[in-house]
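The file work_32.cif contains mmCIF, C-alpha atoms:
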```
data_model
#
loop_
_atom_site.group_PDB
_atom_site.id
_atom_site.type_symbol
_atom_site.label_atom_id
_atom_site.label_comp_id
_atom_site.auth_asym_id
_atom_site.auth_seq_id
_atom_site.Cartn_x
_atom_site.Cartn_y
_atom_site.Cartn_z
ATOM 1 C CA MET K 1 61.447 72.412 -24.119
ATOM 2 C CA ASP K 2 58.170 71.130 -22.693
ATOM 3 C CA HIS K 3 55.014 70.433 -24.708
ATOM 4 C CA LYS K 4 53.288 73.609 -23.598
ATOM 5 C CA GLU K 5 56.108 75.801 -24.928
ATOM 6 C CA ILE K 6 56.274 73.829 -28.174
ATOM 7 C CA ILE K 7 52.531 74.370 -28.685
ATOM 8 C CA ILE K 8 52.822 78.107 -27.974
ATOM 9 C CA ARG K 9 55.710 78.430 -30.425
ATOM 10 C CA ALA K 10 53.832 76.534 -33.155
ATOM 11 C CA ALA K 11 50.670 78.589 -32.659
ATOM 12 C CA THR K 12 52.658 81.839 -32.684
ATOM 13 C CA GLU K 13 54.313 80.869 -35.969
ATOM 14 C CA LEU K 14 50.931 80.104 -37.533
ATOM 15 C CA ILE K 15 49.463 83.393 -36.322
ATOM 16 C CA GLU K 16 52.390 85.339 -37.780
ATOM 17 C CA GLU K 17 52.116 83.463 -41.079
ATOM 18 C CA ARG K 18 48.364 83.860 -41.451
ATOM 19 C CA GLY K 19 48.062 87.494 -40.520
ATOM 20 C CA GLU K 20 44.414 88.465 -40.331
ATOM 21 C CA GLN K 21 43.154 84.969 -41.165
ATOM 22 C CA ILE K 22 43.598 83.755 -37.597
ATOM 23 C CA SER K 23 40.113 82.289 -37.503
ATOM 24 C CA ASP K 24 41.218 79.860 -40.227
ATOM 25 C CA ILE K 25 43.845 78.341 -37.943
ATOM 26 C CA THR K 26 42.612 75.069 -36.497
ATOM 27 C CA VAL K 27 43.646 73.187 -33.391
ATOM 28 C CA ARG K 28 44.454 70.258 -35.686
ATOM 29 C CA GLU K 29 46.856 72.484 -37.645
ATOM 30 C CA ILE K 30 48.527 73.687 -34.444
ATOM 31 C CA SER K 31 48.905 70.122 -33.163
ATOM 32 C CA LYS K 32 50.423 69.051 -36.489
ATOM 33 C CA ARG K 33 52.907 71.955 -36.458
ATOM 34 C CA ALA K 34 53.822 71.221 -32.820
ATOM 35 C CA HIS K 35 53.946 67.436 -33.370
ATOM 36 C CA VAL K 36 51.596 66.817 -30.435
ATOM 37 C CA GLY K 37 48.155 65.299 -30.061
ATOM 38 C CA LEU K 38 44.987 67.413 -30.051
ATOM 39 C CA GLY K 39 44.233 66.399 -26.486
ATOM 40 C CA LEU K 40 47.460 67.947 -25.253
ATOM 41 C CA ILE K 41 46.419 71.358 -26.597
ATOM 42 C CA ASN K 42 43.024 71.105 -24.925
ATOM 43 C CA TYR K 43 44.650 69.881 -21.712
ATOM 44 C CA HIS K 44 47.076 72.816 -21.486
ATOM 45 C CA PHE K 45 44.919 75.615 -22.917
ATOM 46 C CA GLY K 46 41.278 74.531 -22.903
ATOM 47 C CA ASN K 47 40.643 75.876 -26.406
ATOM 48 C CA LYS K 48 42.195 77.657 -29.365
ATOM 49 C CA ASP K 49 41.102 81.115 -28.201
ATOM 50 C CA ASN K 50 42.922 80.739 -24.878
ATOM 51 C CA LEU K 51 46.034 79.540 -26.688
ATOM 52 C CA ILE K 52 45.954 82.466 -29.123
ATOM 53 C CA ALA K 53 45.488 84.921 -26.245
ATOM 54 C CA ILE K 54 48.602 83.512 -24.540
ATOM 55 C CA CYS K 55 50.611 83.734 -27.772
ATOM 56 C CA VAL K 56 49.600 87.342 -28.344
ATOM 57 C CA GLU K 57 50.342 88.297 -24.754
ATOM 58 C CA ARG K 58 53.835 86.830 -24.953
ATOM 59 C CA VAL K 59 54.758 88.541 -28.191
ATOM 60 C CA ILE K 60 53.391 91.932 -27.130
ATOM 61 C CA ASN K 61 55.007 91.670 -23.692
ATOM 62 C CA GLY K 62 58.364 91.486 -25.450
ATOM 63 C CA ILE K 63 58.010 94.934 -26.965
ATOM 64 C CA VAL K 64 56.466 96.508 -23.859
ATOM 65 C CA GLU K 65 59.376 95.233 -21.764
ATOM 66 C CA ASN K 66 61.803 96.722 -24.310
ATOM 67 C CA PHE K 67 60.326 100.123 -23.463
ATOM 68 C CA GLN K 68 62.179 99.937 -20.165
ATOM 69 C CA SER K 69 65.544 99.845 -21.955
ATOM 70 C CA ILE K 70 64.786 103.006 -23.935
ATOM 71 C CA ARG K 71 66.635 105.181 -21.436
ATOM 72 C CA GLU K 72 69.871 103.319 -22.171
ATOM 73 C CA LYS K 73 69.495 103.634 -25.947
ATOM 74 C CA THR K 74 68.497 107.311 -25.961
ATOM 75 C CA GLY K 75 70.823 108.854 -23.378
ATOM 76 C CA GLY K 76 71.714 111.975 -25.379
ATOM 77 C CA TYR K 77 68.264 112.554 -26.862
ATOM 78 C CA THR K 78 65.866 115.352 -25.970
ATOM 79 C CA PRO K 79 62.584 114.248 -24.344
ATOM 80 C CA VAL K 80 60.706 114.686 -27.651
ATOM 81 C CA GLU K 81 63.362 112.660 -29.499
ATOM 82 C CA LYS K 82 63.010 109.895 -26.893
ATOM 83 C CA LEU K 83 59.252 109.874 -27.384
ATOM 84 C CA GLU K 84 59.707 109.777 -31.166
ATOM 85 C CA TYR K 85 62.120 106.877 -30.785
ATOM 86 C CA LEU K 86 59.695 104.975 -28.576
ATOM 87 C CA GLY K 87 56.770 105.663 -30.910
ATOM 88 C CA ASN K 88 58.741 104.522 -33.932
ATOM 89 C CA LEU K 89 59.809 101.401 -32.084
ATOM 90 C CA THR K 90 56.187 100.747 -31.144
ATOM 91 C CA TRP K 91 54.751 101.235 -34.622
ATOM 92 C CA THR K 92 57.551 99.280 -36.287
ATOM 93 C CA PHE K 93 56.802 96.358 -34.008
ATOM 94 C CA MET K 94 53.063 96.669 -34.605
ATOM 95 C CA PHE K 95 53.398 96.683 -38.387
ATOM 96 C CA GLU K 96 55.947 93.841 -38.365
ATOM 97 C CA HIS K 97 53.624 91.773 -36.143
ATOM 98 C CA TYR K 98 50.377 93.052 -37.559
ATOM 99 C CA ALA K 99 48.073 90.179 -36.612
ATOM 100 C CA MET K 100 49.372 89.910 -33.053
ATOM 101 C CA SER K 101 49.215 93.668 -32.533
ATOM 102 C CA LYS K 102 45.717 93.954 -33.955
ATOM 103 C CA ILE K 103 44.461 91.181 -31.677
ATOM 104 C CA SER K 104 46.109 92.857 -28.690
ATOM 105 C CA VAL K 105 44.688 96.320 -29.406
ATOM 106 C CA LEU K 106 41.185 95.032 -30.117
ATOM 107 C CA SER K 107 41.265 92.776 -27.077
ATOM 108 C CA ASP K 108 42.315 95.671 -24.827
ATOM 109 C CA MET K 109 39.508 97.790 -26.265
ATOM 110 C CA ALA K 110 36.880 95.071 -25.884
ATOM 111 C CA SER K 111 37.936 93.881 -22.432
ATOM 112 C CA PRO K 112 40.176 96.391 -20.642
ATOM 113 C CA LYS K 113 42.207 94.947 -17.778
ATOM 114 C CA GLU K 114 44.353 96.535 -15.109
ATOM 115 C CA ASP K 115 47.596 95.251 -16.630
ATOM 116 C CA ASP K 116 46.692 94.932 -20.317
ATOM 117 C CA ASN K 117 49.118 96.027 -23.014
ATOM 118 C CA THR K 118 47.428 99.391 -23.506
ATOM 119 C CA ARG K 119 47.908 100.302 -19.850
ATOM 120 C CA ARG K 120 51.454 99.000 -19.787
ATOM 121 C CA THR K 121 52.232 101.092 -22.864
ATOM 122 C CA TYR K 122 50.573 104.105 -21.223
ATOM 123 C CA ARG K 123 52.766 103.678 -18.136
ATOM 124 C CA ALA K 124 55.893 103.511 -20.319
ATOM 125 C CA TYR K 125 54.928 106.669 -22.230
ATOM 126 C CA LEU K 126 53.749 108.792 -19.288
ATOM 127 C CA PRO K 127 57.197 109.749 -17.909
ATOM 128 C CA LEU K 128 58.380 110.663 -21.396
ATOM 129 C CA VAL K 129 55.354 112.865 -22.025
ATOM 130 C CA ALA K 130 55.970 114.460 -18.613
ATOM 131 C CA ALA K 131 59.590 115.175 -19.578
ATOM 132 C CA CYS K 132 58.395 116.810 -22.815
ATOM 133 C CA ARG K 133 55.835 118.973 -21.031
ATOM 134 C CA PRO K 134 56.972 119.722 -17.455
ATOM 135 C CA ASP K 135 54.595 122.708 -17.490
ATOM 136 C CA TRP K 136 51.506 120.480 -17.577
ATOM 137 C CA ASP K 137 49.779 119.343 -14.402
ATOM 138 C CA GLU K 138 49.329 115.625 -13.669
ATOM 139 C CA GLU K 139 45.775 115.511 -14.998
ATOM 140 C CA MET K 140 46.764 117.077 -18.326
ATOM 141 C CA LEU K 141 49.748 114.708 -18.639
ATOM 142 C CA GLN K 142 47.540 111.696 -18.054
ATOM 143 C CA ARG K 143 44.887 112.843 -20.552
ATOM 144 C CA ARG K 144 47.393 113.668 -23.277
ATOM 145 C CA THR K 145 49.334 110.441 -22.762
ATOM 146 C CA PHE K 146 46.147 108.414 -22.991
ATOM 147 C CA CYS K 147 45.154 110.408 -26.066
ATOM 148 C CA LEU K 148 48.525 109.681 -27.679
ATOM 149 C CA ILE K 149 48.230 105.933 -27.066
ATOM 150 C CA ALA K 150 44.617 105.832 -28.287
ATOM 151 C CA VAL K 151 45.449 107.804 -31.426
ATOM 152 C CA MET K 152 48.423 105.570 -32.191
ATOM 153 C CA GLN K 153 46.222 102.491 -31.829
ATOM 154 C CA GLN K 154 43.509 103.924 -34.063
ATOM 155 C CA VAL K 155 45.984 105.055 -36.704
ATOM 156 C CA PHE K 156 47.495 101.557 -36.666
ATOM 157 C CA LEU K 157 44.097 99.897 -37.035
ATOM 158 C CA GLN K 158 43.017 102.389 -39.703
ATOM 159 C CA TYR K 159 46.300 102.714 -41.618
ATOM 160 C CA GLN K 160 44.530 102.061 -44.920
ATOM 161 C CA VAL K 161 42.183 104.987 -44.251
ATOM 162 C CA ILE K 162 45.214 107.214 -43.572
ATOM 163 C CA ARG K 163 46.591 106.168 -46.954
ATOM 164 C CA GLN K 164 43.292 106.953 -48.684
ATOM 165 C CA LEU K 165 42.733 110.286 -46.948
ATOM 166 C CA TYR K 166 46.258 111.677 -46.821
ATOM 167 C CA GLY K 167 48.320 109.552 -49.200
ATOM 168 C CA ILE K 168 50.583 108.480 -46.338
ATOM 169 C CA ASP K 169 51.738 104.861 -46.428
ATOM 170 C CA LEU K 170 52.295 103.892 -42.816
ATOM 171 C CA THR K 171 53.752 100.544 -43.863
ATOM 172 C CA ASN K 172 56.694 102.603 -45.179
ATOM 173 C CA MET K 173 59.033 103.304 -42.278
ATOM 174 C CA GLU K 174 60.103 106.783 -43.399
ATOM 175 C CA GLU K 175 56.532 107.955 -44.006
ATOM 176 C CA ARG K 176 55.496 106.420 -40.683
ATOM 177 C CA LYS K 177 58.303 108.250 -38.821
ATOM 178 C CA GLU K 178 57.366 111.567 -40.387
ATOM 179 C CA TYR K 179 53.681 111.084 -39.600
ATOM 180 C CA HIS K 180 54.465 110.070 -36.014
ATOM 181 C CA ALA K 181 56.653 113.144 -35.474
ATOM 182 C CA LYS K 182 53.821 115.406 -36.645
ATOM 183 C CA LEU K 183 51.297 113.543 -34.516
ATOM 184 C CA LEU K 184 53.486 113.934 -31.425
ATOM 185 C CA ARG K 185 53.914 117.621 -31.987
ATOM 186 C CA ASP K 186 50.165 118.072 -32.461
ATOM 187 C CA ILE K 187 49.252 116.212 -29.264
ATOM 188 C CA LEU K 188 52.080 117.643 -27.156
ATOM 189 C CA GLU K 189 51.782 121.118 -28.666
ATOM 190 C CA VAL K 190 55.517 121.411 -29.177
ATOM 191 C CA LYS K 191 57.405 122.913 -32.115
ATOM 192 C CA GLU K 192 59.891 121.169 -34.397
#
```
Show me this structure written as structure tokens.
Amino acid sequence: MDHKEIIIRAATELIEERGEQISDITVREISKRAHVGLGLINYHFGNKDNLIAICVERVINGIVENFQSIREKTGGYTPVEKLEYLGNLTWTFMFEHYAMSKISVLSDMASPKEDDNTRRTYRAYLPLVAACRPDWDEEMLQRRTFCLIAVMQQVFLQYQVIRQLYGIDLTNMEERKEYHAKLLRDILEVKE
């Protein structure tokens, strides 16, 4: 493995360990974990922020690419069940990789890009929403799919508020699944 990959792996480990205290991670700490000199990090990445952005992108890309395999895993499911499965997969990943996911969501909100993770997620969800609601026109499908993604991101970022307001603990998988199913039905206007 080359130095660049070793640095990315070390930085990713530190990000996962520190959670929301990413700003406390230093380049010196990353270089120590990777067993490389400070100059090598600056040479390959320019600065810590660029390195963290690359780490986040790699981790999040893993889950977004898994969306493509959902058809294989959910062959006998109804369209709504497929969407529930995908949503549960998404939120489970986000809560298991909280710091990375939070950085990704906030970065996409602050600086939207053509191929950011929000748009890639949107593109993965759109055909499933369309399968759930074949009666909707393209414009309605696009609006509701975007709404679904935005709501999921906000609920993730504000999970503590959800707990305070509704007593729902989204860090608990069963409560999260139940909440997601209700959310889907509200946005898609479908019955149980």
Specify as a count of residues only each residue included when the PyMOL selection byres ((chain K and resi 132-148) around 10) is applied to this file. 33
Take the PyMOL selection byres ((chain K and resi 91) around 10), apply it to the structure above, and return the hits as a PDB file with C-alpha atoms, in the coordinates of the input.
```
ATOM      1  CA  LEU K  86      59.695 104.975 -28.576  1.00  0.00           C
ATOM      2  CA  GLY K  87      56.770 105.663 -30.910  1.00  0.00           C
ATOM      3  CA  ASN K  88      58.741 104.522 -33.932  1.00  0.00           C
ATOM      4  CA  LEU K  89      59.809 101.401 -32.084  1.00  0.00           C
ATOM      5  CA  THR K  90      56.187 100.747 -31.144  1.00  0.00           C
ATOM      6  CA  THR K  92      57.551  99.280 -36.287  1.00  0.00           C
ATOM      7  CA  PHE K  93      56.802  96.358 -34.008  1.00  0.00           C
ATOM      8  CA  MET K  94      53.063  96.669 -34.605  1.00  0.00           C
ATOM      9  CA  PHE K  95      53.398  96.683 -38.387  1.00  0.00           C
ATOM     10  CA  GLU K  96      55.947  93.841 -38.365  1.00  0.00           C
ATOM     11  CA  HIS K  97      53.624  91.773 -36.143  1.00  0.00           C
ATOM     12  CA  TYR K  98      50.377  93.052 -37.559  1.00  0.00           C
ATOM     13  CA  SER K 101      49.215  93.668 -32.533  1.00  0.00           C
ATOM     14  CA  MET K 152      48.423 105.570 -32.191  1.00  0.00           C
ATOM     15  CA  GLN K 153      46.222 102.491 -31.829  1.00  0.00           C
ATOM     16  CA  VAL K 155      45.984 105.055 -36.704  1.00  0.00           C
ATOM     17  CA  PHE K 156      47.495 101.557 -36.666  1.00  0.00           C
ATOM     18  CA  LEU K 170      52.295 103.892 -42.816  1.00  0.00           C
ATOM     19  CA  THR K 171      53.752 100.544 -43.863  1.00  0.00           C
ATOM     20  CA  MET K 173      59.033 103.304 -42.278  1.00  0.00           C
ATOM     21  CA  ARG K 176      55.496 106.420 -40.683  1.00  0.00           C
ATOM     22  CA  LYS K 177      58.303 108.250 -38.821  1.00  0.00           C
ATOM     23  CA  HIS K 180      54.465 110.070 -36.014  1.00  0.00           C
TER      24      HIS K 180
END
```
Take the PyMOL selection byres ((chain K and resi 6-23) around 6), apply it to the structure above, and return the hits as a PDB file with C-alpha atoms, in the frame of the given file.
```pdb
ATOM      1  CA  HIS K   3      55.014  70.433 -24.708  1.00  0.00           C
ATOM      2  CA  LYS K   4      53.288  73.609 -23.598  1.00  0.00           C
ATOM      3  CA  GLU K   5      56.108  75.801 -24.928  1.00  0.00           C
ATOM      4  CA  ASP K  24      41.218  79.860 -40.227  1.00  0.00           C
ATOM      5  CA  ILE K  25      43.845  78.341 -37.943  1.00  0.00           C
ATOM      6  CA  ILE K  30      48.527  73.687 -34.444  1.00  0.00           C
ATOM      7  CA  ARG K  33      52.907  71.955 -36.458  1.00  0.00           C
ATOM      8  CA  ALA K  34      53.822  71.221 -32.820  1.00  0.00           C
ATOM      9  CA  CYS K  55      50.611  83.734 -27.772  1.00  0.00           C
ATOM     10  CA  ALA K  99      48.073  90.179 -36.612  1.00  0.00           C
TER      11      ALA K  99
END
```
Step by step, gather every atom of segment 146-165 of chain K that the file lists, find the box along x, y and z that holds them, add 4 Å on each side, and finally give centre and edge lengths in Å to one decimal, as AutoDock Vina command-line options.
```
--center_x 45.4 --center_y 105.2 --center_z -35.8 --size_x 14.3 --size_y 18.5 --size_z 33.7
```
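Between atom CA of Thr74 of chain K and atom CA of Glu175 of chain K there is a distance of 21.7 Å.
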One decimal, in Å: what's the spacing between atom CA of Asp116 of chain K and atom CA of Ile103 of chain K? 12.2 Å
